[in-house]
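The structure file run_12.tsv is reproduced below (TSV, C-alpha atoms).
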```
chain	number	residue	atom	x	y	z
A	1	MET	CA	-7.63	1.38	-4.29
A	2	THR	CA	-5.18	-1.47	-3.74
A	3	GLN	CA	-6.34	-3.74	-0.93
A	4	LEU	CA	-2.77	-4.52	0.08
A	5	PHE	CA	-3.29	-6.65	3.14
A	6	GLU	CA	-5.81	-8.93	1.45
A	7	ASN	CA	-4.00	-9.31	-1.86
A	8	ASN	CA	-0.47	-9.43	-0.46
A	9	PRO	CA	-0.68	-11.33	2.83
A	10	ASP	CA	3.07	-12.05	2.91
A	11	LYS	CA	3.87	-8.34	3.14
A	12	PHE	CA	1.69	-7.60	6.11
A	13	LYS	CA	0.20	-10.20	8.43
A	14	HIS	CA	-1.02	-8.25	11.44
A	15	THR	CA	-4.40	-7.14	10.17
A	16	ALA	CA	-6.89	-5.95	12.77
A	17	PRO	CA	-10.00	-8.01	13.59
A	18	ALA	CA	-12.90	-7.42	11.21
A	19	ASP	CA	-15.13	-6.01	13.95
A	20	ALA	CA	-12.60	-3.19	14.53
A	21	ARG	CA	-13.60	-1.48	11.25
A	22	ILE	CA	-15.17	1.35	13.22
A	23	ARG	CA	-13.55	1.54	16.63
A	24	GLY	CA	-15.93	1.54	19.57
A	25	GLN	CA	-19.03	1.31	17.37
A	26	LYS	CA	-21.13	-1.84	17.14
A	27	GLY	CA	-24.30	-2.50	15.21
A	28	ASP	CA	-25.55	-0.90	12.02
A	29	TRP	CA	-25.88	2.65	13.41
A	30	VAL	CA	-22.91	4.76	14.50
A	31	THR	CA	-22.55	8.07	16.31
A	32	CYS	CA	-20.09	10.75	15.21
A	33	ALA	CA	-17.68	11.56	18.03
A	34	PHE	CA	-17.53	15.22	16.97
A	35	CYS	CA	-21.01	16.37	15.97
A	36	GLY	CA	-23.06	13.57	17.54
A	37	ALA	CA	-24.95	12.76	14.34
A	38	GLN	CA	-26.26	9.20	14.09
A	39	GLN	CA	-25.85	7.53	10.74
A	40	TYR	CA	-26.22	4.17	9.11
A	41	LYS	CA	-22.76	2.61	9.03
A	42	GLU	CA	-22.77	2.05	5.29
A	43	GLU	CA	-23.37	5.76	4.69
A	44	LEU	CA	-19.87	6.55	5.92
A	45	GLY	CA	-18.34	5.19	2.72
A	46	GLU	CA	-14.97	3.54	2.25
A	47	PHE	CA	-13.13	6.34	4.10
A	48	LEU	CA	-15.39	6.17	7.19
A	49	VAL	CA	-16.17	9.89	7.24
A	50	CYS	CA	-19.19	11.52	8.90
A	51	GLY	CA	-21.59	12.71	6.22
A	52	VAL	CA	-22.69	15.66	8.36
A	53	CYS	CA	-19.45	17.29	9.59
A	54	GLY	CA	-16.63	15.50	7.75
A	55	TYR	CA	-15.06	14.02	10.89
A	56	GLY	CA	-13.05	10.88	10.15
A	57	PHE	CA	-13.91	7.97	12.42
A	58	ARG	CA	-10.91	6.47	14.19
A	59	LEU	CA	-8.99	3.88	12.20
A	60	GLY	CA	-6.68	1.05	13.14
A	61	ALA	CA	-3.12	1.27	11.84
A	62	ALA	CA	-3.65	-1.57	9.38
A	63	GLN	CA	-6.84	0.05	8.08
A	64	ARG	CA	-5.10	3.36	7.55
A	65	ALA	CA	-2.07	1.84	5.82
A	66	ASN	CA	-4.36	-0.05	3.47
A	67	MET	CA	-6.39	3.09	2.82
A	68	MET	CA	-3.51	5.51	2.24
A	69	THR	CA	-0.84	3.53	0.40
A	70	ASP	CA	-0.30	1.73	-2.89
A	71	SER	CA	1.84	-0.83	-1.08
A	72	PHE	CA	3.31	-1.29	2.37
A	73	THR	CA	6.08	-3.45	3.81
A	74	GLU	CA	6.40	-3.60	7.57
A	75	TRP	CA	9.71	-2.83	9.30
A	76	HIS	CA	10.91	-3.44	12.86
A	77	ALA	CA	8.14	-5.89	13.76
A	78	ASP	CA	10.52	-8.00	15.84
A	79	ILE	CA	11.91	-5.31	18.15
A	80	GLU	CA	11.59	-6.71	21.67
A	81	MET	CA	12.05	-5.00	25.05
A	82	THR	CA	11.48	-6.07	28.64
A	83	THR	CA	8.08	-5.28	30.11
A	84	PRO	CA	8.12	-3.25	33.35
A	85	ASP	CA	6.65	-5.06	36.34
A	86	PHE	CA	3.68	-2.73	36.77
A	87	PRO	CA	0.51	-4.36	38.19
A	88	GLY	CA	-1.77	-5.52	35.38
A	89	TYR	CA	0.43	-4.05	32.62
A	90	ALA	CA	1.30	-7.35	30.91
A	91	GLU	CA	-2.40	-8.25	30.72
A	92	LYS	CA	-3.27	-4.86	29.22
A	93	LEU	CA	-0.59	-5.31	26.55
A	94	THR	CA	-1.96	-8.74	25.69
A	95	ARG	CA	-5.50	-7.35	25.30
A	96	ALA	CA	-4.26	-4.46	23.16
A	97	GLN	CA	-2.34	-6.82	20.90
A	98	ALA	CA	-5.39	-9.02	20.44
A	99	ALA	CA	-7.65	-6.03	19.72
A	100	THR	CA	-5.38	-4.40	17.13
A	101	GLY	CA	-3.34	-7.22	15.62
A	102	LEU	CA	-0.20	-5.21	16.43
A	103	LYS	CA	2.65	-5.90	18.85
A	104	GLU	CA	2.97	-2.23	19.81
A	105	ALA	CA	1.12	1.08	19.45
A	106	VAL	CA	2.84	2.08	16.21
A	107	LEU	CA	3.12	0.36	12.84
A	108	THR	CA	6.30	1.21	10.91
A	109	GLY	CA	7.54	0.37	7.46
A	110	GLU	CA	8.15	1.46	3.89
A	111	ALA	CA	5.22	2.55	1.74
A	112	VAL	CA	4.55	3.64	-1.79
A	113	ILE	CA	2.08	6.52	-2.09
A	114	GLU	CA	1.20	7.55	-5.64
A	115	HIS	CA	4.45	5.96	-6.91
A	116	GLN	CA	6.58	7.78	-4.31
A	117	ARG	CA	8.62	5.81	-1.75
A	118	THR	CA	8.45	6.90	1.87
A	119	ALA	CA	9.06	5.59	5.35
A	120	LEU	CA	5.74	5.46	7.16
A	121	ALA	CA	4.69	5.34	10.83
A	122	ILE	CA	1.06	4.97	11.91
A	123	MET	CA	0.10	5.22	15.56
A	124	ASP	CA	-2.95	3.23	16.64
A	125	ALA	CA	-5.28	4.74	19.25
A	126	GLY	CA	-6.79	1.30	19.79
A	127	PHE	CA	-3.54	0.12	21.38
A	128	MET	CA	-3.69	1.57	24.90
A	129	MET	CA	-4.81	4.89	23.37
A	130	GLY	CA	-1.67	5.02	21.24
A	131	SER	CA	0.40	5.65	24.35
A	132	LEU	CA	4.14	6.07	23.94
A	133	GLY	CA	6.15	3.30	25.57
A	134	ALA	CA	9.81	2.37	25.26
A	135	LYS	CA	9.12	-0.07	22.44
A	136	THR	CA	6.99	2.50	20.59
A	137	GLY	CA	9.87	4.95	20.80
A	138	ALA	CA	12.42	2.35	19.73
A	139	LYS	CA	10.39	1.55	16.61
A	140	LEU	CA	10.11	5.24	15.72
A	141	VAL	CA	13.84	5.84	16.23
A	142	ALA	CA	14.65	2.82	14.05
A	143	LEU	CA	12.27	4.09	11.36
A	144	PHE	CA	13.84	7.55	11.23
A	145	ASP	CA	17.39	6.17	11.25
A	146	ASP	CA	16.63	3.68	8.47
A	147	ALA	CA	14.90	6.42	6.48
A	148	THR	CA	17.98	8.62	6.93
A	149	ALA	CA	20.30	5.83	5.79
A	150	ASN	CA	18.15	5.17	2.72
A	151	GLY	CA	17.42	8.80	1.80
A	152	LEU	CA	13.68	8.46	2.39
A	153	PRO	CA	11.18	11.02	3.66
A	154	VAL	CA	9.08	10.10	6.69
A	155	ILE	CA	5.31	10.40	7.09
A	156	LEU	CA	3.85	9.98	10.57
A	157	PHE	CA	0.15	9.56	11.33
A	158	SER	CA	-0.09	10.52	14.98
A	159	ALA	CA	-2.75	9.20	17.36
A	160	SER	CA	-1.93	9.15	21.04
A	161	GLY	CA	-3.00	10.02	24.55
A	162	GLY	CA	0.62	10.73	25.50
A	163	ALA	CA	3.33	8.93	27.45
A	164	ARG	CA	2.55	5.47	28.86
A	165	MET	CA	2.34	5.86	32.62
A	166	GLN	CA	3.08	2.18	33.34
A	167	GLU	CA	6.62	2.69	32.02
A	168	GLY	CA	7.43	5.89	33.91
A	169	ILE	CA	10.73	7.54	32.96
A	170	ARG	CA	11.37	4.96	30.23
A	171	SER	CA	8.35	6.33	28.41
A	172	LEU	CA	9.30	9.98	28.89
A	173	MET	CA	12.82	9.35	27.56
A	174	GLN	CA	11.32	8.38	24.21
A	175	LEU	CA	10.35	12.01	23.63
A	176	ALA	CA	14.04	12.92	23.55
A	177	ASN	CA	15.11	9.76	21.68
A	178	VAL	CA	12.64	10.26	18.84
A	179	SER	CA	13.39	13.99	18.66
A	180	ALA	CA	17.12	13.21	18.26
A	181	ALA	CA	16.36	10.76	15.44
A	182	ILE	CA	14.24	13.44	13.74
A	183	ALA	CA	17.15	15.89	14.01
A	184	ARG	CA	19.48	13.39	12.29
A	185	HIS	CA	16.91	12.89	9.55
A	186	ARG	CA	16.56	16.66	9.07
A	187	GLU	CA	20.34	17.17	8.98
A	188	ALA	CA	20.42	14.78	6.03
A	189	GLY	CA	18.10	17.18	4.16
A	190	LEU	CA	15.08	14.88	4.22
A	191	VAL	CA	11.47	15.92	4.74
A	192	TYR	CA	9.28	14.84	7.67
A	193	ILE	CA	5.50	15.13	7.26
A	194	VAL	CA	3.07	14.74	10.15
A	195	VAL	CA	-0.65	14.00	9.81
A	196	LEU	CA	-2.43	14.70	13.09
A	197	THR	CA	-5.41	12.43	13.70
A	198	ASP	CA	-7.96	12.23	16.49
A	199	PRO	CA	-6.70	12.29	19.21
A	200	THR	CA	-3.10	13.54	19.43
A	201	MET	CA	-2.40	14.60	23.00
A	202	GLY	CA	0.16	14.78	25.78
A	203	GLY	CA	3.89	14.39	25.32
A	204	VAL	CA	3.49	13.18	21.75
A	205	THR	CA	2.03	16.57	20.83
A	206	ALA	CA	4.71	18.31	22.89
A	207	SER	CA	7.48	16.56	20.95
A	208	PHE	CA	7.63	14.68	17.66
A	209	ALA	CA	4.05	15.24	16.47
A	210	MET	CA	4.80	18.97	16.22
A	211	GLN	CA	8.31	18.69	14.80
A	212	GLY	CA	7.30	18.00	11.21
A	213	ASP	CA	8.52	20.16	8.37
A	214	ILE	CA	4.91	20.02	7.17
A	215	ILE	CA	2.06	19.47	9.63
A	216	LEU	CA	-1.32	18.36	8.30
A	217	SER	CA	-4.45	17.28	10.12
A	218	GLU	CA	-7.71	15.52	9.48
A	219	PRO	CA	-10.81	17.68	10.12
A	220	HIS	CA	-11.86	18.19	13.76
A	221	ALA	CA	-8.97	16.16	15.20
A	222	LEU	CA	-8.37	16.77	18.90
A	223	VAL	CA	-4.82	18.09	19.29
A	224	GLY	CA	-3.27	19.36	22.52
A	225	PHE	CA	-1.19	18.69	25.62
A	226	ALA	CA	-3.25	18.72	28.81
A	227	GLY	CA	-6.96	17.91	28.72
A	228	ARG	CA	-9.60	20.61	28.48
A	229	ARG	CA	-10.93	20.07	32.02
A	230	VAL	CA	-7.45	20.23	33.57
A	231	ILE	CA	-6.71	23.54	31.82
A	232	GLU	CA	-10.05	25.08	32.80
A	233	GLN	CA	-9.56	24.09	36.43
A	234	THR	CA	-6.05	25.51	36.38
A	235	ILE	CA	-6.76	28.90	34.80
A	236	HIS	CA	-10.35	29.21	36.11
A	237	GLU	CA	-11.63	30.13	32.66
A	238	THR	CA	-14.09	28.54	30.22
A	239	LEU	CA	-12.29	27.66	27.02
A	240	PRO	CA	-13.75	28.22	23.53
A	241	LYS	CA	-15.85	25.37	22.16
A	242	ASP	CA	-13.35	24.65	19.37
A	243	PHE	CA	-10.33	24.77	21.69
A	244	GLN	CA	-7.75	22.07	20.80
A	245	ARG	CA	-9.56	21.14	17.61
A	246	ALA	CA	-7.61	21.14	14.35
A	247	GLU	CA	-9.39	24.20	13.01
A	248	HIS	CA	-8.47	26.28	16.06
A	249	MET	CA	-4.90	24.98	15.90
A	250	GLN	CA	-4.62	25.95	12.24
A	251	ALA	CA	-5.96	29.45	12.95
A	252	SER	CA	-3.31	29.74	15.68
A	253	GLY	CA	-0.53	28.80	13.26
A	254	PHE	CA	0.28	25.29	14.47
A	255	ILE	CA	-1.10	23.36	11.47
A	256	ASP	CA	-0.27	24.01	7.82
A	257	ALA	CA	-3.36	22.44	6.25
A	258	ILE	CA	-6.46	20.45	7.17
A	259	VAL	CA	-7.09	17.77	4.58
A	260	ALA	CA	-10.23	15.66	4.29
A	261	ARG	CA	-9.49	11.95	4.46
A	262	PRO	CA	-10.68	11.11	0.92
A	263	GLU	CA	-8.17	13.66	-0.46
A	264	LEU	CA	-5.29	12.82	1.85
A	265	GLN	CA	-3.51	10.13	-0.16
A	266	HIS	CA	-3.30	12.35	-3.24
A	267	TYR	CA	-2.23	15.34	-1.12
A	268	LEU	CA	0.60	13.32	0.42
A	269	GLY	CA	1.61	12.00	-2.98
A	270	GLN	CA	1.92	15.55	-4.27
A	271	LEU	CA	4.04	16.61	-1.29
A	272	LEU	CA	6.34	13.61	-1.72
A	273	ARG	CA	6.67	14.32	-5.42
A	274	VAL	CA	7.77	17.90	-4.76
A	275	HIS	CA	10.22	17.02	-2.00
A	276	GLN	CA	11.75	14.05	-3.77
A	277	ALA	CA	12.35	15.95	-7.01
A	278	PRO	CA	16.03	15.99	-8.10
A	279	LYS	CA	17.81	19.10	-6.83
A	280	GLU	CA	18.86	20.14	-10.32
A	281	ASP	CA	15.17	20.33	-11.31
A	282	ALA	CA	14.17	22.49	-8.37
A	283	HIS	CA	13.33	26.13	-8.96
A	284	VAL	CA	13.04	28.89	-6.39
```

What does the file become when written as structure tokens?
Amino acid sequence: MTQLFENNPDKFKHTAPADARIRGQKGDWVTCAFCGAQQYKEELGEFLVCGVCGYGFRLGAAQRANMMTDSFTEWHADIEMTTPDFPGYAEKLTRAQAATGLKEAVLTGEAVIEHQRTALAIMDAGFMMGSLGAKTGAKLVALFDDATANGLPVILFSASGGARMQEGIRSLMQLANVSAAIARHREAGLVYIVVLTDPTMGGVTASFAMQGDIILSEPHALVGFAGRRVIEQTIHETLPKDFQRAEHMQASGFIDAIVARPELQHYLGQLLRVHQAPKEDAHV
């Protein structure tokens, strides 16, 4: 596997701190967020996958890009927008930037996956739970528009708690803005692939995370709109144990395939190869 960010520092400079290798887990022993199994950190392997249930521990955007691509060049790093004057918001942004090495909750750029070029967006749950702000939306719109102009497919790794409440209506408008950019990309005959990761919730699920031509997921990813407790209190029913998990979503027809993290890069490479084949070589 090419260790892009170490070997090619000029291409990508915003690597996450070393202690963020396994988010929220310190020490030599870690606990699986899905099955609760405790394991020695080194037993998780290079893909950071639970050896008991196959759940993939949460990754930073830089980690995932390094893990899933042959090479990566960042785009739109310098997009700037005014910060709403919400109490404590500027300080939270500063802490999130320090924790992730990113300026915003999504990393965008051009990647090569198994020799196939693609535009790539990776949302980072470590940045204010991957919440969707105006700048996040602006970066995604720019990515889709540049991909459309250059005839590139788009792969999105989603990870979000939903719209960013500190930005109010500015955040909610990004759902429409990104959806419009996706429509332009689709009208150009280009493929959009989504990989749902844990967690993908709120307005992100209700919009662009579910608009992919192909929707994949990592095992046991939490995917939904409202939280489990809110739904149970609203309908006065106890929901199934696997409710809003990827496996339940696939059984309900919302996900095309669940792909284990160690197999995901090759799986994406195969999809890109099929959808970037010359039209004259395609067969029905």

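Taking all atoms listed in the file into account, Thr94 (chain A) lies nearest to A:Met128 out of the set A:Met67, A:Met128, A:Ala33, A:Leu216.
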
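In this model, the gap between CA of Tyr40 (chain A) and CA of Phe127 (chain A) comes to 26.1 Å.
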
Practice problem: Would you mind listing what lies within 12 Å of Asn150 (chain A) as a PyMOL selection string, with only C-alpha atoms counted and same-chain residues fewer than 5 positions away left out? | Solution: chain A and resi 110+117-119+143-145+185+188+190

Coordinates of box centre and edge lengths for region 90-103 of chain A, 5 Å on every side, axis-aligned, as lines of an AutoDock Vina configuration file:
```
center_x = -2.5
center_y = -6.7
center_z = 23.3
size_x = 20.3
size_y = 14.6
size_z = 25.3
```

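Going from CA of Leu93 (chain A) to CA of Gln244 (chain A) covers 28.9 Å.
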
Practice problem: Would you mind reading off the distance between CA of Met123 (chain A) and CA of Lys41 (chain A), one decimal, in Å? | Solution: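 Calculated distance between CA of Met123 (chain A) and CA of Lys41 (chain A) is 23.9 Å.
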
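Considering all atoms listed in the file, the residue among A:Thr200, A:Ser252, A:Thr82, A:Gln270 positioned nearest to Gln116 (chain A) is A:Gln270.
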
Some atoms are absent from region 238-258 of chain A, so rebuild N, CA and C atoms and return them as a PDB file, in the coordinates of the input.
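Full text of out-v2.pdb as output:
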```pdb
ATOM      1  N   THR A 238     -13.415  29.455  31.136  1.00  0.00           N
ATOM      2  CA  THR A 238     -14.090  28.540  30.220  1.00  0.00           C
ATOM      3  C   THR A 238     -13.459  28.694  28.847  1.00  0.00           C
ATOM      4  N   LEU A 239     -12.986  27.613  28.302  1.00  0.00           N
ATOM      5  CA  LEU A 239     -12.290  27.660  27.020  1.00  0.00           C
ATOM      6  C   LEU A 239     -13.282  27.672  25.861  1.00  0.00           C
ATOM      7  N   PRO A 240     -12.868  28.211  24.701  1.00  0.00           N
ATOM      8  CA  PRO A 240     -13.750  28.220  23.530  1.00  0.00           C
ATOM      9  C   PRO A 240     -14.168  26.800  23.136  1.00  0.00           C
ATOM     10  N   LYS A 241     -15.309  26.682  22.525  1.00  0.00           N
ATOM     11  CA  LYS A 241     -15.850  25.370  22.160  1.00  0.00           C
ATOM     12  C   LYS A 241     -14.910  24.607  21.240  1.00  0.00           C
ATOM     13  N   ASP A 242     -14.221  25.324  20.329  1.00  0.00           N
ATOM     14  CA  ASP A 242     -13.350  24.650  19.370  1.00  0.00           C
ATOM     15  C   ASP A 242     -11.909  24.544  19.857  1.00  0.00           C
ATOM     16  N   PHE A 243     -11.676  24.835  21.139  1.00  0.00           N
ATOM     17  CA  PHE A 243     -10.330  24.770  21.690  1.00  0.00           C
ATOM     18  C   PHE A 243      -9.746  23.369  21.506  1.00  0.00           C
ATOM     19  N   GLN A 244      -8.499  23.298  21.042  1.00  0.00           N
ATOM     20  CA  GLN A 244      -7.750  22.070  20.800  1.00  0.00           C
ATOM     21  C   GLN A 244      -8.279  21.254  19.624  1.00  0.00           C
ATOM     22  N   ARG A 245      -9.174  21.803  18.850  1.00  0.00           N
ATOM     23  CA  ARG A 245      -9.560  21.140  17.610  1.00  0.00           C
ATOM     24  C   ARG A 245      -8.668  21.634  16.476  1.00  0.00           C
ATOM     25  N   ALA A 246      -8.541  20.833  15.431  1.00  0.00           N
ATOM     26  CA  ALA A 246      -7.610  21.140  14.350  1.00  0.00           C
ATOM     27  C   ALA A 246      -7.839  22.517  13.759  1.00  0.00           C
ATOM     28  N   GLU A 247      -9.094  22.909  13.630  1.00  0.00           N
ATOM     29  CA  GLU A 247      -9.390  24.200  13.010  1.00  0.00           C
ATOM     30  C   GLU A 247      -8.871  25.363  13.847  1.00  0.00           C
ATOM     31  N   HIS A 248      -9.001  25.252  15.159  1.00  0.00           N
ATOM     32  CA  HIS A 248      -8.470  26.280  16.060  1.00  0.00           C
ATOM     33  C   HIS A 248      -6.938  26.276  16.023  1.00  0.00           C
ATOM     34  N   MET A 249      -6.349  25.092  15.963  1.00  0.00           N
ATOM     35  CA  MET A 249      -4.900  24.980  15.900  1.00  0.00           C
ATOM     36  C   MET A 249      -4.350  25.567  14.606  1.00  0.00           C
ATOM     37  N   GLN A 250      -5.066  25.366  13.510  1.00  0.00           N
ATOM     38  CA  GLN A 250      -4.620  25.950  12.240  1.00  0.00           C
ATOM     39  C   GLN A 250      -4.706  27.475  12.296  1.00  0.00           C
ATOM     40  N   ALA A 251      -5.803  28.001  12.835  1.00  0.00           N
ATOM     41  CA  ALA A 251      -5.960  29.450  12.950  1.00  0.00           C
ATOM     42  C   ALA A 251      -4.883  30.064  13.847  1.00  0.00           C
ATOM     43  N   SER A 252      -4.354  29.262  14.777  1.00  0.00           N
ATOM     44  CA  SER A 252      -3.310  29.740  15.680  1.00  0.00           C
ATOM     45  C   SER A 252      -1.906  29.531  15.113  1.00  0.00           C
ATOM     46  N   GLY A 253      -1.816  28.940  13.925  1.00  0.00           N
ATOM     47  CA  GLY A 253      -0.530  28.800  13.260  1.00  0.00           C
ATOM     48  C   GLY A 253       0.221  27.520  13.513  1.00  0.00           C
ATOM     49  N   PHE A 254      -0.416  26.522  14.141  1.00  0.00           N
ATOM     50  CA  PHE A 254       0.280  25.290  14.470  1.00  0.00           C
ATOM     51  C   PHE A 254       0.142  24.212  13.393  1.00  0.00           C
ATOM     52  N   ILE A 255      -0.831  24.358  12.508  1.00  0.00           N
ATOM     53  CA  ILE A 255      -1.100  23.360  11.470  1.00  0.00           C
ATOM     54  C   ILE A 255      -1.070  24.049  10.112  1.00  0.00           C
ATOM     55  N   ASP A 256      -0.409  23.413   9.152  1.00  0.00           N
ATOM     56  CA  ASP A 256      -0.270  24.010   7.820  1.00  0.00           C
ATOM     57  C   ASP A 256      -1.527  23.842   6.977  1.00  0.00           C
ATOM     58  N   ALA A 257      -2.170  22.682   7.067  1.00  0.00           N
ATOM     59  CA  ALA A 257      -3.360  22.440   6.250  1.00  0.00           C
ATOM     60  C   ALA A 257      -4.209  21.351   6.884  1.00  0.00           C
ATOM     61  N   ILE A 258      -5.510  21.486   6.763  1.00  0.00           N
ATOM     62  CA  ILE A 258      -6.460  20.450   7.170  1.00  0.00           C
ATOM     63  C   ILE A 258      -6.971  19.792   5.896  1.00  0.00           C
TER      64      ILE A 258
END
```
